[in-house]
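A.B. asks: Supplied in structure tokens, the structure appears directly below.
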Amino acid sequence: MDGQSILFTMQGFTLPEMQEAVITANMRSTLNLQKTSIPVKRPVLGEVVVRVSWTGICRSDVCFSLGPEPGFPKYDHVAGHEGIGHVVQSFDPCLLGRPVAMRYLAQSCGSCYLCLRGVPENCAEQTNFPKNYNGTFQQFVTAPWVAMMPLPSWVFDTKSTINPATATAALCSGSTALKALKTASPQPNSVVVVVGIMGAIGHLVGLLAKQVYNCRVIGIDWEFKRNSFGANSHTVYDIFIPMPAAADAKDTQTLFQVDLQKACYTLRGFHCMADACIVTASSISGANRAPDYVRDGGSIVFVGAPRGGNSISLPLQTLVERQLRLQGSMMGGREEAYQMLHYIQTQQITPLITSISLEGLSNFMEGFLEDHSKGKAVCCVNEPLP
């Protein structure tokens with residue numbers, strides 16, 4: 001038999017026929033997640049089977065589980081796109097036991113006009129978890145080896161004091177946060193406003209801005225989230241200001257703007273609005289007045305776009321005269337993900353994680369719709385390998 005057609009399994013490991021997964025059996029306009037048993041897909045040449053240890057949970061997975069979005073399956077869809085684990089089955093024995101990650105941007109061509117200009121997220125040849133391949137809300141993922149992101153060995157080092165679950169924060173949420181800051185390009189001691197500071201991406205923007213970029217951070221989010229990080233709040237932001245709802249009275253909006261001016265003065269020592277504003281919130285309430293949060297010549301970076309009424313209005317005269325820089329930003333490539341892993345390994349940042357079980361995943365995803373998330377949520381899919 002041709003050696004290339006022999007399927008190898010990690011020594012001492014038996015791959016089961018069935019596995020536990022959280023799936024959307026039938027896509028619709030409301031969440032329809034259920035935990036069930038599904039077959040473990042057998043690989044074909046070029047594919048590997050990965051035993052998932054941890055997976056991050058992202059609000060995007062709510063979007064990926066509705067609709068369906070263009071290109072997504074209508075039935076038996078498995079979401080999840082921030083998984084880490086080990087290769088347990090492969091046609092190449094050299095890959096067995098390798099630690100790998102599965103992120104939304106699984107693969108891009110790397111050579112097209114857009115890839116070469118730093119926007120691989122827009123590559124026409126890209127493939128994605130969980131669009132082209134079933135995602136990481138299952139115990140075993142089967143997908144092409146080229147879609148896997150090799151991980152450094154320290155992630156699963158049992159002698160390390162770093163929780164391997166924190167590595168999931170680097171893959172999409174973290175790379176998105178880092179790319180947003182690269183886009184804003186703040187200088188040390190700059191004042192950065194982060195709208196949606198308590199969320200997965202928002203708190204990572206705050207951590208990076210403070211701990212890596214040496215900026216001063218004003219965090220904006222809903223009042224009920226104020227104490228979400230407790231004693232760790234100082235690692236994420238310097239000053240917190242509750243976000244006004246879109247329906248709030250004009251005087252409430254005015255008071256918010258006054259509070260923001262005072263916060264900038266406290267951090268600077270002179271009157272000047274923020275140097276940059278990064279909007280990560282899933283609500284348009286935090287985005288529609290972002291130009292008021294920054295100084296003339298300031299940067300505004302939007303990460304993602306809330307569903308529904310997600311437009312902002314800004315007169316061109318204001319844009320020109322104030323010399324504002326507005327830009328959208330997406331999840332970043334592997335370069336940003338590896339940089340985030342380095343920051344986690346060296347403990348320059350420590351993502352604030354909440355761990356849940358596979359059984360609790362469906363209910364947790366419902367909470368995203370109520371904007372109840374705080375920090376980075378991670379799901380333990382399998383116990384560590386012996």
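Going through the structure tokens in order, the chains are called A, B, and so on, while each chain numbers its residues from 1 and the ligands are numbered from 1 in the order shown.
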With 10 Å as the cut-off and only C-alpha atoms counted, what is the closest atom pair between each nearby residue of range 225-339 of chain A and range 146-149 of chain A? Distances in Å to one decimal, ordered by chain and number, as a tab-separated table.
C.D. replies:
residue	atom	partner	partner_atom	distance
A:Arg334	CA	A:Met149	CA	7.7
A:Ala337	CA	A:Met149	CA	9.5
A:Tyr338	CA	A:Met149	CA	9.5
A.B. asks: Go ahead and dump the residues you just picked, all heavy atoms, as a compact mmCIF listing (two decimals), in the first residue's frame.
C.D. replies:
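selection-v3.txt, freshly written:
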# COMPACT_ATOMS: atom_id res chain seq x y z
N ARG A 334 -2.11 35.77 11.23
CA ARG A 334 -1.35 34.93 12.18
C ARG A 334 -0.25 35.73 12.87
O ARG A 334 0.13 35.42 14.00
CB ARG A 334 -0.77 33.72 11.46
CG ARG A 334 -1.81 32.70 11.04
CD ARG A 334 -1.18 31.40 10.55
NE ARG A 334 -2.20 30.44 10.16
CZ ARG A 334 -1.95 29.19 9.79
NH1 ARG A 334 -0.68 28.77 9.75
NH2 ARG A 334 -2.93 28.37 9.45
N ALA A 337 -1.68 37.11 15.91
CA ALA A 337 -1.98 36.04 16.87
C ALA A 337 -0.70 35.56 17.57
O ALA A 337 -0.69 35.35 18.79
CB ALA A 337 -2.66 34.88 16.15
N TYR A 338 0.38 35.41 16.82
CA TYR A 338 1.64 35.00 17.44
C TYR A 338 2.19 36.09 18.35
O TYR A 338 2.78 35.78 19.42
CB TYR A 338 2.67 34.64 16.36
CG TYR A 338 2.48 33.26 15.76
CD1 TYR A 338 2.35 33.09 14.38
CD2 TYR A 338 2.43 32.13 16.56
CE1 TYR A 338 2.18 31.84 13.82
CE2 TYR A 338 2.26 30.86 16.01
CZ TYR A 338 2.13 30.72 14.64
OH TYR A 338 1.96 29.47 14.10
A.B. asks: When DSSP is applied to the backbone of this structure, which of range 156-329 of chain A are assigned strand (DSSP E or B)? Write them out as a PDB file with all heavy atoms, in the first residue's frame.
C.D. replies:
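Final output, out28.pdb:
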ATOM      1  N   VAL A 191      -3.879  59.098  25.463  1.00  0.00           N
ATOM      2  CA  VAL A 191      -5.138  58.707  26.090  1.00  0.00           C
ATOM      3  C   VAL A 191      -5.972  57.975  25.040  1.00  0.00           C
ATOM      4  O   VAL A 191      -6.230  58.501  23.954  1.00  0.00           O
ATOM      5  CB  VAL A 191      -5.904  59.927  26.623  1.00  0.00           C
ATOM      6  CG1 VAL A 191      -7.298  59.512  27.119  1.00  0.00           C
ATOM      7  CG2 VAL A 191      -5.113  60.585  27.755  1.00  0.00           C
ATOM      8  N   VAL A 192      -6.371  56.754  25.383  1.00  0.00           N
ATOM      9  CA  VAL A 192      -7.144  55.914  24.480  1.00  0.00           C
ATOM     10  C   VAL A 192      -8.487  55.598  25.122  1.00  0.00           C
ATOM     11  O   VAL A 192      -8.538  55.114  26.261  1.00  0.00           O
ATOM     12  CB  VAL A 192      -6.398  54.606  24.152  1.00  0.00           C
ATOM     13  CG1 VAL A 192      -7.253  53.706  23.250  1.00  0.00           C
ATOM     14  CG2 VAL A 192      -5.053  54.896  23.493  1.00  0.00           C
ATOM     15  N   VAL A 193      -9.564  55.888  24.410  1.00  0.00           N
ATOM     16  CA  VAL A 193     -10.904  55.526  24.862  1.00  0.00           C
ATOM     17  C   VAL A 193     -11.255  54.182  24.224  1.00  0.00           C
ATOM     18  O   VAL A 193     -11.099  53.993  23.020  1.00  0.00           O
ATOM     19  CB  VAL A 193     -11.942  56.587  24.435  1.00  0.00           C
ATOM     20  CG1 VAL A 193     -13.362  56.086  24.695  1.00  0.00           C
ATOM     21  CG2 VAL A 193     -11.694  57.892  25.190  1.00  0.00           C
ATOM     22  N   VAL A 194     -11.718  53.240  25.059  1.00  0.00           N
ATOM     23  CA  VAL A 194     -12.143  51.932  24.558  1.00  0.00           C
ATOM     24  C   VAL A 194     -13.621  51.771  24.869  1.00  0.00           C
ATOM     25  O   VAL A 194     -14.017  51.698  26.038  1.00  0.00           O
ATOM     26  CB  VAL A 194     -11.337  50.783  25.190  1.00  0.00           C
ATOM     27  CG1 VAL A 194     -11.781  49.442  24.588  1.00  0.00           C
ATOM     28  CG2 VAL A 194      -9.837  50.990  24.994  1.00  0.00           C
ATOM     29  N   VAL A 195     -14.431  51.746  23.826  1.00  0.00           N
ATOM     30  CA  VAL A 195     -15.873  51.569  23.986  1.00  0.00           C
ATOM     31  C   VAL A 195     -16.179  50.082  23.935  1.00  0.00           C
ATOM     32  O   VAL A 195     -15.835  49.398  22.967  1.00  0.00           O
ATOM     33  CB  VAL A 195     -16.653  52.310  22.885  1.00  0.00           C
ATOM     34  CG1 VAL A 195     -18.149  52.159  23.105  1.00  0.00           C
ATOM     35  CG2 VAL A 195     -16.258  53.782  22.856  1.00  0.00           C
ATOM     36  N   ARG A 216      -2.763  55.560  28.511  1.00  0.00           N
ATOM     37  CA  ARG A 216      -3.740  55.739  29.581  1.00  0.00           C
ATOM     38  C   ARG A 216      -5.116  55.464  28.988  1.00  0.00           C
ATOM     39  O   ARG A 216      -5.430  55.963  27.905  1.00  0.00           O
ATOM     40  CB  ARG A 216      -3.648  57.158  30.136  1.00  0.00           C
ATOM     41  CG  ARG A 216      -2.259  57.450  30.706  1.00  0.00           C
ATOM     42  CD  ARG A 216      -1.975  58.922  30.805  1.00  0.00           C
ATOM     43  NE  ARG A 216      -0.600  59.168  31.204  1.00  0.00           N
ATOM     44  CZ  ARG A 216      -0.082  60.370  31.379  1.00  0.00           C
ATOM     45  NH1 ARG A 216      -0.828  61.448  31.202  1.00  0.00           N
ATOM     46  NH2 ARG A 216       1.178  60.506  31.740  1.00  0.00           N
ATOM     47  N   VAL A 217      -5.890  54.664  29.678  1.00  0.00           N
ATOM     48  CA  VAL A 217      -7.108  54.120  29.075  1.00  0.00           C
ATOM     49  C   VAL A 217      -8.352  54.564  29.835  1.00  0.00           C
ATOM     50  O   VAL A 217      -8.417  54.459  31.071  1.00  0.00           O
ATOM     51  CB  VAL A 217      -7.052  52.573  29.032  1.00  0.00           C
ATOM     52  CG1 VAL A 217      -8.378  51.998  28.505  1.00  0.00           C
ATOM     53  CG2 VAL A 217      -5.886  52.115  28.164  1.00  0.00           C
ATOM     54  N   ILE A 218      -9.318  55.059  29.082  1.00  0.00           N
ATOM     55  CA  ILE A 218     -10.649  55.342  29.599  1.00  0.00           C
ATOM     56  C   ILE A 218     -11.574  54.263  29.058  1.00  0.00           C
ATOM     57  O   ILE A 218     -11.718  54.110  27.841  1.00  0.00           O
ATOM     58  CB  ILE A 218     -11.150  56.732  29.173  1.00  0.00           C
ATOM     59  CG1 ILE A 218     -10.216  57.817  29.715  1.00  0.00           C
ATOM     60  CG2 ILE A 218     -12.583  56.958  29.651  1.00  0.00           C
ATOM     61  CD1 ILE A 218     -10.516  59.210  29.185  1.00  0.00           C
ATOM     62  N   GLY A 219     -12.169  53.497  29.951  1.00  0.00           N
ATOM     63  CA  GLY A 219     -13.051  52.418  29.551  1.00  0.00           C
ATOM     64  C   GLY A 219     -14.510  52.852  29.592  1.00  0.00           C
ATOM     65  O   GLY A 219     -14.941  53.473  30.569  1.00  0.00           O
ATOM     66  N   ILE A 220     -15.243  52.534  28.546  1.00  0.00           N
ATOM     67  CA  ILE A 220     -16.666  52.864  28.466  1.00  0.00           C
ATOM     68  C   ILE A 220     -17.452  51.582  28.259  1.00  0.00           C
ATOM     69  O   ILE A 220     -17.122  50.771  27.387  1.00  0.00           O
ATOM     70  CB  ILE A 220     -16.949  53.856  27.319  1.00  0.00           C
ATOM     71  CG1 ILE A 220     -16.206  55.176  27.557  1.00  0.00           C
ATOM     72  CG2 ILE A 220     -18.434  54.100  27.154  1.00  0.00           C
ATOM     73  CD1 ILE A 220     -16.338  56.162  26.415  1.00  0.00           C
ATOM     74  N   ASP A 221     -18.477  51.398  29.093  1.00  0.00           N
ATOM     75  CA  ASP A 221     -19.345  50.234  28.950  1.00  0.00           C
ATOM     76  C   ASP A 221     -20.587  50.476  29.798  1.00  0.00           C
ATOM     77  O   ASP A 221     -20.713  51.527  30.437  1.00  0.00           O
ATOM     78  CB  ASP A 221     -18.636  48.941  29.374  1.00  0.00           C
ATOM     79  CG  ASP A 221     -19.058  47.747  28.522  1.00  0.00           C
ATOM     80  OD1 ASP A 221     -20.282  47.546  28.351  1.00  0.00           O
ATOM     81  OD2 ASP A 221     -18.177  47.011  28.036  1.00  0.00           O
ATOM     82  N   ILE A 239      -9.686  54.787  34.103  1.00  0.00           N
ATOM     83  CA  ILE A 239     -10.944  55.417  34.518  1.00  0.00           C
ATOM     84  C   ILE A 239     -12.089  54.750  33.758  1.00  0.00           C
ATOM     85  O   ILE A 239     -11.976  54.493  32.555  1.00  0.00           O
ATOM     86  CB  ILE A 239     -10.937  56.932  34.236  1.00  0.00           C
ATOM     87  CG1 ILE A 239      -9.851  57.628  35.056  1.00  0.00           C
ATOM     88  CG2 ILE A 239     -12.307  57.550  34.534  1.00  0.00           C
ATOM     89  CD1 ILE A 239      -9.699  59.116  34.739  1.00  0.00           C
ATOM     90  N   PHE A 240     -13.181  54.467  34.479  1.00  0.00           N
ATOM     91  CA  PHE A 240     -14.370  53.882  33.854  1.00  0.00           C
ATOM     92  C   PHE A 240     -15.490  54.917  33.826  1.00  0.00           C
ATOM     93  O   PHE A 240     -15.726  55.618  34.804  1.00  0.00           O
ATOM     94  CB  PHE A 240     -14.842  52.650  34.631  1.00  0.00           C
ATOM     95  CG  PHE A 240     -16.120  52.050  34.103  1.00  0.00           C
ATOM     96  CD1 PHE A 240     -16.102  51.183  33.024  1.00  0.00           C
ATOM     97  CD2 PHE A 240     -17.350  52.378  34.679  1.00  0.00           C
ATOM     98  CE1 PHE A 240     -17.279  50.637  32.526  1.00  0.00           C
ATOM     99  CE2 PHE A 240     -18.526  51.850  34.188  1.00  0.00           C
ATOM    100  CZ  PHE A 240     -18.492  50.975  33.109  1.00  0.00           C
ATOM    101  N   ILE A 241     -16.190  55.003  32.682  1.00  0.00           N
ATOM    102  CA  ILE A 241     -17.346  55.891  32.547  1.00  0.00           C
ATOM    103  C   ILE A 241     -18.507  55.084  31.979  1.00  0.00           C
ATOM    104  O   ILE A 241     -18.354  54.425  30.944  1.00  0.00           O
ATOM    105  CB  ILE A 241     -17.046  57.082  31.609  1.00  0.00           C
ATOM    106  CG1 ILE A 241     -15.840  57.880  32.118  1.00  0.00           C
ATOM    107  CG2 ILE A 241     -18.264  57.992  31.495  1.00  0.00           C
ATOM    108  CD1 ILE A 241     -15.436  59.008  31.191  1.00  0.00           C
ATOM    109  N   PRO A 242     -19.659  55.092  32.630  1.00  0.00           N
ATOM    110  CA  PRO A 242     -20.810  54.345  32.106  1.00  0.00           C
ATOM    111  C   PRO A 242     -21.261  54.885  30.757  1.00  0.00           C
ATOM    112  O   PRO A 242     -21.269  56.098  30.528  1.00  0.00           O
ATOM    113  CB  PRO A 242     -21.889  54.548  33.174  1.00  0.00           C
ATOM    114  CG  PRO A 242     -21.173  55.020  34.389  1.00  0.00           C
ATOM    115  CD  PRO A 242     -19.965  55.751  33.908  1.00  0.00           C
ATOM    116  N   ALA A 274      -9.376  62.664  23.925  1.00  0.00           N
ATOM    117  CA  ALA A 274      -8.517  61.491  23.740  1.00  0.00           C
ATOM    118  C   ALA A 274      -7.791  61.527  22.396  1.00  0.00           C
ATOM    119  O   ALA A 274      -8.240  62.139  21.424  1.00  0.00           O
ATOM    120  CB  ALA A 274      -9.352  60.221  23.848  1.00  0.00           C
ATOM    121  N   ASP A 275      -6.662  60.826  22.353  1.00  0.00           N
ATOM    122  CA  ASP A 275      -5.895  60.727  21.114  1.00  0.00           C
ATOM    123  C   ASP A 275      -6.502  59.701  20.167  1.00  0.00           C
ATOM    124  O   ASP A 275      -6.370  59.815  18.947  1.00  0.00           O
ATOM    125  CB  ASP A 275      -4.449  60.335  21.420  1.00  0.00           C
ATOM    126  CG  ASP A 275      -3.756  61.363  22.289  1.00  0.00           C
ATOM    127  OD1 ASP A 275      -3.450  62.449  21.775  1.00  0.00           O
ATOM    128  OD2 ASP A 275      -3.550  61.081  23.479  1.00  0.00           O
ATOM    129  N   ALA A 276      -7.137  58.687  20.752  1.00  0.00           N
ATOM    130  CA  ALA A 276      -7.712  57.627  19.927  1.00  0.00           C
ATOM    131  C   ALA A 276      -8.932  57.047  20.625  1.00  0.00           C
ATOM    132  O   ALA A 276      -9.031  57.056  21.857  1.00  0.00           O
ATOM    133  CB  ALA A 276      -6.683  56.529  19.659  1.00  0.00           C
ATOM    134  N   CYS A 277      -9.844  56.539  19.810  1.00  0.00           N
ATOM    135  CA  CYS A 277     -11.022  55.843  20.318  1.00  0.00           C
ATOM    136  C   CYS A 277     -11.164  54.554  19.528  1.00  0.00           C
ATOM    137  O   CYS A 277     -11.179  54.570  18.294  1.00  0.00           O
ATOM    138  CB  CYS A 277     -12.274  56.699  20.172  1.00  0.00           C
ATOM    139  SG  CYS A 277     -13.803  55.839  20.631  1.00  0.00           S
ATOM    140  N   ILE A 278     -11.238  53.440  20.241  1.00  0.00           N
ATOM    141  CA  ILE A 278     -11.423  52.137  19.597  1.00  0.00           C
ATOM    142  C   ILE A 278     -12.770  51.594  20.031  1.00  0.00           C
ATOM    143  O   ILE A 278     -13.016  51.381  21.229  1.00  0.00           O
ATOM    144  CB  ILE A 278     -10.279  51.175  19.947  1.00  0.00           C
ATOM    145  CG1 ILE A 278      -8.953  51.757  19.452  1.00  0.00           C
ATOM    146  CG2 ILE A 278     -10.535  49.796  19.339  1.00  0.00           C
ATOM    147  CD1 ILE A 278      -7.737  50.939  19.805  1.00  0.00           C
ATOM    148  N   VAL A 279     -13.657  51.407  19.076  1.00  0.00           N
ATOM    149  CA  VAL A 279     -15.025  50.975  19.361  1.00  0.00           C
ATOM    150  C   VAL A 279     -15.131  49.478  19.143  1.00  0.00           C
ATOM    151  O   VAL A 279     -15.009  48.992  18.009  1.00  0.00           O
ATOM    152  CB  VAL A 279     -16.042  51.717  18.463  1.00  0.00           C
ATOM    153  CG1 VAL A 279     -17.459  51.264  18.793  1.00  0.00           C
ATOM    154  CG2 VAL A 279     -15.901  53.228  18.634  1.00  0.00           C
ATOM    155  N   VAL A 294     -12.670  62.227  20.669  1.00  0.00           N
ATOM    156  CA  VAL A 294     -11.254  62.402  20.356  1.00  0.00           C
ATOM    157  C   VAL A 294     -10.936  63.862  20.023  1.00  0.00           C
ATOM    158  O   VAL A 294     -11.810  64.642  19.661  1.00  0.00           O
ATOM    159  CB  VAL A 294     -10.820  61.510  19.176  1.00  0.00           C
ATOM    160  CG1 VAL A 294     -10.992  60.035  19.519  1.00  0.00           C
ATOM    161  CG2 VAL A 294     -11.590  61.854  17.908  1.00  0.00           C
ATOM    162  N   ARG A 295      -9.671  64.170  20.159  1.00  0.00           N
ATOM    163  CA  ARG A 295      -9.176  65.510  19.825  1.00  0.00           C
ATOM    164  C   ARG A 295      -9.132  65.687  18.316  1.00  0.00           C
ATOM    165  O   ARG A 295      -9.275  64.725  17.555  1.00  0.00           O
ATOM    166  CB  ARG A 295      -7.764  65.692  20.403  1.00  0.00           C
ATOM    167  CG  ARG A 295      -6.762  64.694  19.838  1.00  0.00           C
ATOM    168  CD  ARG A 295      -5.339  65.034  20.223  1.00  0.00           C
ATOM    169  NE  ARG A 295      -4.394  64.000  19.828  1.00  0.00           N
ATOM    170  CZ  ARG A 295      -3.911  63.837  18.609  1.00  0.00           C
ATOM    171  NH1 ARG A 295      -4.276  64.632  17.619  1.00  0.00           N
ATOM    172  NH2 ARG A 295      -3.037  62.874  18.357  1.00  0.00           N
ATOM    173  N   ASP A 296      -8.903  66.909  17.864  1.00  0.00           N
ATOM    174  CA  ASP A 296      -8.650  67.149  16.442  1.00  0.00           C
ATOM    175  C   ASP A 296      -7.400  66.375  16.019  1.00  0.00           C
ATOM    176  O   ASP A 296      -6.380  66.383  16.727  1.00  0.00           O
ATOM    177  CB  ASP A 296      -8.448  68.633  16.174  1.00  0.00           C
ATOM    178  CG  ASP A 296      -9.727  69.443  16.357  1.00  0.00           C
ATOM    179  OD1 ASP A 296     -10.792  68.825  16.577  1.00  0.00           O
ATOM    180  OD2 ASP A 296      -9.658  70.691  16.291  1.00  0.00           O
ATOM    181  N   GLY A 297      -7.490  65.710  14.890  1.00  0.00           N
ATOM    182  CA  GLY A 297      -6.381  64.878  14.432  1.00  0.00           C
ATOM    183  C   GLY A 297      -6.368  63.501  15.054  1.00  0.00           C
ATOM    184  O   GLY A 297      -5.440  62.719  14.810  1.00  0.00           O
ATOM    185  N   GLY A 298      -7.399  63.183  15.866  1.00  0.00           N
ATOM    186  CA  GLY A 298      -7.454  61.899  16.547  1.00  0.00           C
ATOM    187  C   GLY A 298      -7.871  60.755  15.638  1.00  0.00           C
ATOM    188  O   GLY A 298      -8.351  60.955  14.511  1.00  0.00           O
ATOM    189  N   SER A 299      -7.682  59.536  16.139  1.00  0.00           N
ATOM    190  CA  SER A 299      -8.000  58.321  15.384  1.00  0.00           C
ATOM    191  C   SER A 299      -9.228  57.638  15.981  1.00  0.00           C
ATOM    192  O   SER A 299      -9.362  57.550  17.212  1.00  0.00           O
ATOM    193  CB  SER A 299      -6.830  57.336  15.414  1.00  0.00           C
ATOM    194  OG  SER A 299      -5.689  57.894  14.791  1.00  0.00           O
ATOM    195  N   ILE A 300     -10.096  57.135  15.109  1.00  0.00           N
ATOM    196  CA  ILE A 300     -11.258  56.355  15.529  1.00  0.00           C
ATOM    197  C   ILE A 300     -11.237  55.054  14.748  1.00  0.00           C
ATOM    198  O   ILE A 300     -11.216  55.060  13.507  1.00  0.00           O
ATOM    199  CB  ILE A 300     -12.580  57.107  15.254  1.00  0.00           C
ATOM    200  CG1 ILE A 300     -12.553  58.482  15.933  1.00  0.00           C
ATOM    201  CG2 ILE A 300     -13.773  56.292  15.737  1.00  0.00           C
ATOM    202  CD1 ILE A 300     -13.661  59.403  15.456  1.00  0.00           C
ATOM    203  N   VAL A 301     -11.202  53.944  15.465  1.00  0.00           N
ATOM    204  CA  VAL A 301     -11.138  52.631  14.834  1.00  0.00           C
ATOM    205  C   VAL A 301     -12.361  51.829  15.255  1.00  0.00           C
ATOM    206  O   VAL A 301     -12.633  51.681  16.453  1.00  0.00           O
ATOM    207  CB  VAL A 301      -9.848  51.873  15.216  1.00  0.00           C
ATOM    208  CG1 VAL A 301      -9.818  50.503  14.548  1.00  0.00           C
ATOM    209  CG2 VAL A 301      -8.615  52.680  14.826  1.00  0.00           C
ATOM    210  N   PHE A 302     -13.081  51.332  14.273  1.00  0.00           N
ATOM    211  CA  PHE A 302     -14.271  50.518  14.536  1.00  0.00           C
ATOM    212  C   PHE A 302     -13.926  49.056  14.304  1.00  0.00           C
ATOM    213  O   PHE A 302     -13.416  48.680  13.247  1.00  0.00           O
ATOM    214  CB  PHE A 302     -15.418  50.927  13.608  1.00  0.00           C
ATOM    215  CG  PHE A 302     -15.918  52.325  13.854  1.00  0.00           C
ATOM    216  CD1 PHE A 302     -15.396  53.407  13.145  1.00  0.00           C
ATOM    217  CD2 PHE A 302     -16.903  52.571  14.796  1.00  0.00           C
ATOM    218  CE1 PHE A 302     -15.851  54.694  13.369  1.00  0.00           C
ATOM    219  CE2 PHE A 302     -17.362  53.855  15.026  1.00  0.00           C
ATOM    220  CZ  PHE A 302     -16.840  54.916  14.315  1.00  0.00           C
ATOM    221  N   VAL A 303     -14.210  48.248  15.311  1.00  0.00           N
ATOM    222  CA  VAL A 303     -13.952  46.808  15.239  1.00  0.00           C
ATOM    223  C   VAL A 303     -15.302  46.096  15.171  1.00  0.00           C
ATOM    224  O   VAL A 303     -16.042  46.070  16.151  1.00  0.00           O
ATOM    225  CB  VAL A 303     -13.151  46.319  16.455  1.00  0.00           C
ATOM    226  CG1 VAL A 303     -12.940  44.815  16.378  1.00  0.00           C
ATOM    227  CG2 VAL A 303     -11.821  47.053  16.548  1.00  0.00           C
ATOM    228  N   ARG A 325      -9.244  60.734  11.667  1.00  0.00           N
ATOM    229  CA  ARG A 325      -8.936  59.501  10.940  1.00  0.00           C
ATOM    230  C   ARG A 325      -9.919  58.423  11.388  1.00  0.00           C
ATOM    231  O   ARG A 325      -9.909  58.027  12.551  1.00  0.00           O
ATOM    232  CB  ARG A 325      -7.500  59.055  11.198  1.00  0.00           C
ATOM    233  CG  ARG A 325      -6.457  60.002  10.625  1.00  0.00           C
ATOM    234  CD  ARG A 325      -5.062  59.403  10.699  1.00  0.00           C
ATOM    235  NE  ARG A 325      -4.626  59.214  12.081  1.00  0.00           N
ATOM    236  CZ  ARG A 325      -4.044  58.102  12.536  1.00  0.00           C
ATOM    237  NH1 ARG A 325      -3.863  57.073  11.725  1.00  0.00           N
ATOM    238  NH2 ARG A 325      -3.660  58.018  13.789  1.00  0.00           N
ATOM    239  N   LEU A 326     -10.758  57.955  10.477  1.00  0.00           N
ATOM    240  CA  LEU A 326     -11.724  56.902  10.751  1.00  0.00           C
ATOM    241  C   LEU A 326     -11.361  55.668   9.939  1.00  0.00           C
ATOM    242  O   LEU A 326     -11.073  55.778   8.738  1.00  0.00           O
ATOM    243  CB  LEU A 326     -13.147  57.335  10.384  1.00  0.00           C
ATOM    244  CG  LEU A 326     -13.919  58.204  11.378  1.00  0.00           C
ATOM    245  CD1 LEU A 326     -13.367  59.630  11.379  1.00  0.00           C
ATOM    246  CD2 LEU A 326     -15.399  58.223  11.017  1.00  0.00           C
ATOM    247  N   GLN A 327     -11.369  54.515  10.598  1.00  0.00           N
ATOM    248  CA  GLN A 327     -11.027  53.299   9.867  1.00  0.00           C
ATOM    249  C   GLN A 327     -11.685  52.095  10.514  1.00  0.00           C
ATOM    250  O   GLN A 327     -11.842  52.021  11.733  1.00  0.00           O
ATOM    251  CB  GLN A 327      -9.503  53.096   9.836  1.00  0.00           C
ATOM    252  CG  GLN A 327      -9.073  51.951   8.922  1.00  0.00           C
ATOM    253  CD  GLN A 327      -7.592  51.979   8.630  1.00  0.00           C
ATOM    254  OE1 GLN A 327      -6.925  52.997   8.773  1.00  0.00           O
ATOM    255  NE2 GLN A 327      -7.060  50.837   8.200  1.00  0.00           N
ATOM    256  N   GLY A 328     -12.082  51.134   9.661  1.00  0.00           N
ATOM    257  CA  GLY A 328     -12.551  49.844  10.145  1.00  0.00           C
ATOM    258  C   GLY A 328     -11.376  48.900  10.289  1.00  0.00           C
ATOM    259  O   GLY A 328     -10.326  49.070   9.669  1.00  0.00           O
ATOM    260  N   SER A 329     -11.549  47.893  11.143  1.00  0.00           N
ATOM    261  CA  SER A 329     -10.475  46.935  11.376  1.00  0.00           C
ATOM    262  C   SER A 329     -11.078  45.570  11.665  1.00  0.00           C
ATOM    263  O   SER A 329     -12.118  45.472  12.328  1.00  0.00           O
ATOM    264  CB  SER A 329      -9.601  47.396  12.553  1.00  0.00           C
ATOM    265  OG  SER A 329      -8.539  46.494  12.794  1.00  0.00           O
TER     266      SER A 329
END
A.B. asks: Quick one: everything within 6 Å of range 74-78 of chain A, counting only C-alpha atoms, minus sequence neighbours fewer than 2 positions away in the same chain. Send it as a CSV table (one decimal) with N, CA, C and O atoms, in the first residue's frame.
C.D. replies:
chain,number,residue,atom,x,y,z
A,23,ILE,N,-24.4,22.0,18.5
A,23,ILE,CA,-24.6,22.2,17.1
A,23,ILE,C,-25.9,23.1,16.9
A,23,ILE,O,-26.7,23.2,17.8
A,24,THR,N,-26.0,23.6,15.7
A,24,THR,CA,-27.3,24.2,15.3
A,24,THR,C,-27.9,23.3,14.3
A,24,THR,O,-27.4,23.2,13.1
A,25,ALA,N,-28.9,22.5,14.7
A,25,ALA,CA,-29.4,21.5,13.8
A,25,ALA,C,-30.1,22.1,12.6
A,25,ALA,O,-30.0,21.6,11.5
A,26,ASN,N,-30.8,23.3,12.8
A,26,ASN,CA,-31.5,23.9,11.7
A,26,ASN,C,-31.4,25.4,11.9
A,26,ASN,O,-31.8,26.0,12.9
A,27,MET,N,-30.6,26.1,11.0
A,27,MET,CA,-30.4,27.5,11.1
A,27,MET,C,-31.7,28.3,11.0
A,27,MET,O,-32.6,28.0,10.2
A,68,PRO,N,-29.0,31.2,7.8
A,68,PRO,CA,-27.5,31.3,8.0
A,68,PRO,C,-26.9,32.5,7.2
A,68,PRO,O,-27.5,33.0,6.3
A,134,ASN,N,-16.3,22.7,9.9
A,134,ASN,CA,-17.0,22.8,11.1
A,134,ASN,C,-16.1,23.3,12.2
A,134,ASN,O,-14.9,23.0,12.2
A,135,GLY,N,-16.7,24.0,13.2
A,135,GLY,CA,-15.9,24.7,14.2
A,135,GLY,C,-15.5,23.9,15.4
A,135,GLY,O,-15.5,22.7,15.4
A.B. asks: Go through range 65-180 of chain A and collect every residue that DSSP, computed from the backbone, puts in helix (DSSP H, G or I); the answer should be as a count of residues only.
C.D. replies: 33
A.B. asks: Choose the residue, out of A:Tyr293, A:Thr142, A:Glu359, A:Met198, that has the smallest atom-to-atom separation from Lys262 in chain A; count only C-alpha atoms.
C.D. replies: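 For Lys262 in chain A, the nearest of the given residues is A:Tyr293.
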A.B. asks: Please identify every residue of range 17-46 of chain A that has at least one atom no farther than 8 Å from an atom of range 87-101 of chain A, counting only C-alpha atoms, and for each give the shortest atom pair and the distance in Å to one decimal, arranged by chain then increasing number, as a Markdown table.
C.D. replies:
| residue | atom | partner | partner_atom | distance |
| --- | --- | --- | --- | --- |
| A:Pro43 | CA | A:Ser90 | CA | 7.5 |
| A:Leu45 | CA | A:Phe91 | CA | 6.5 |
| A:Gly46 | CA | A:Phe91 | CA | 7.3 |
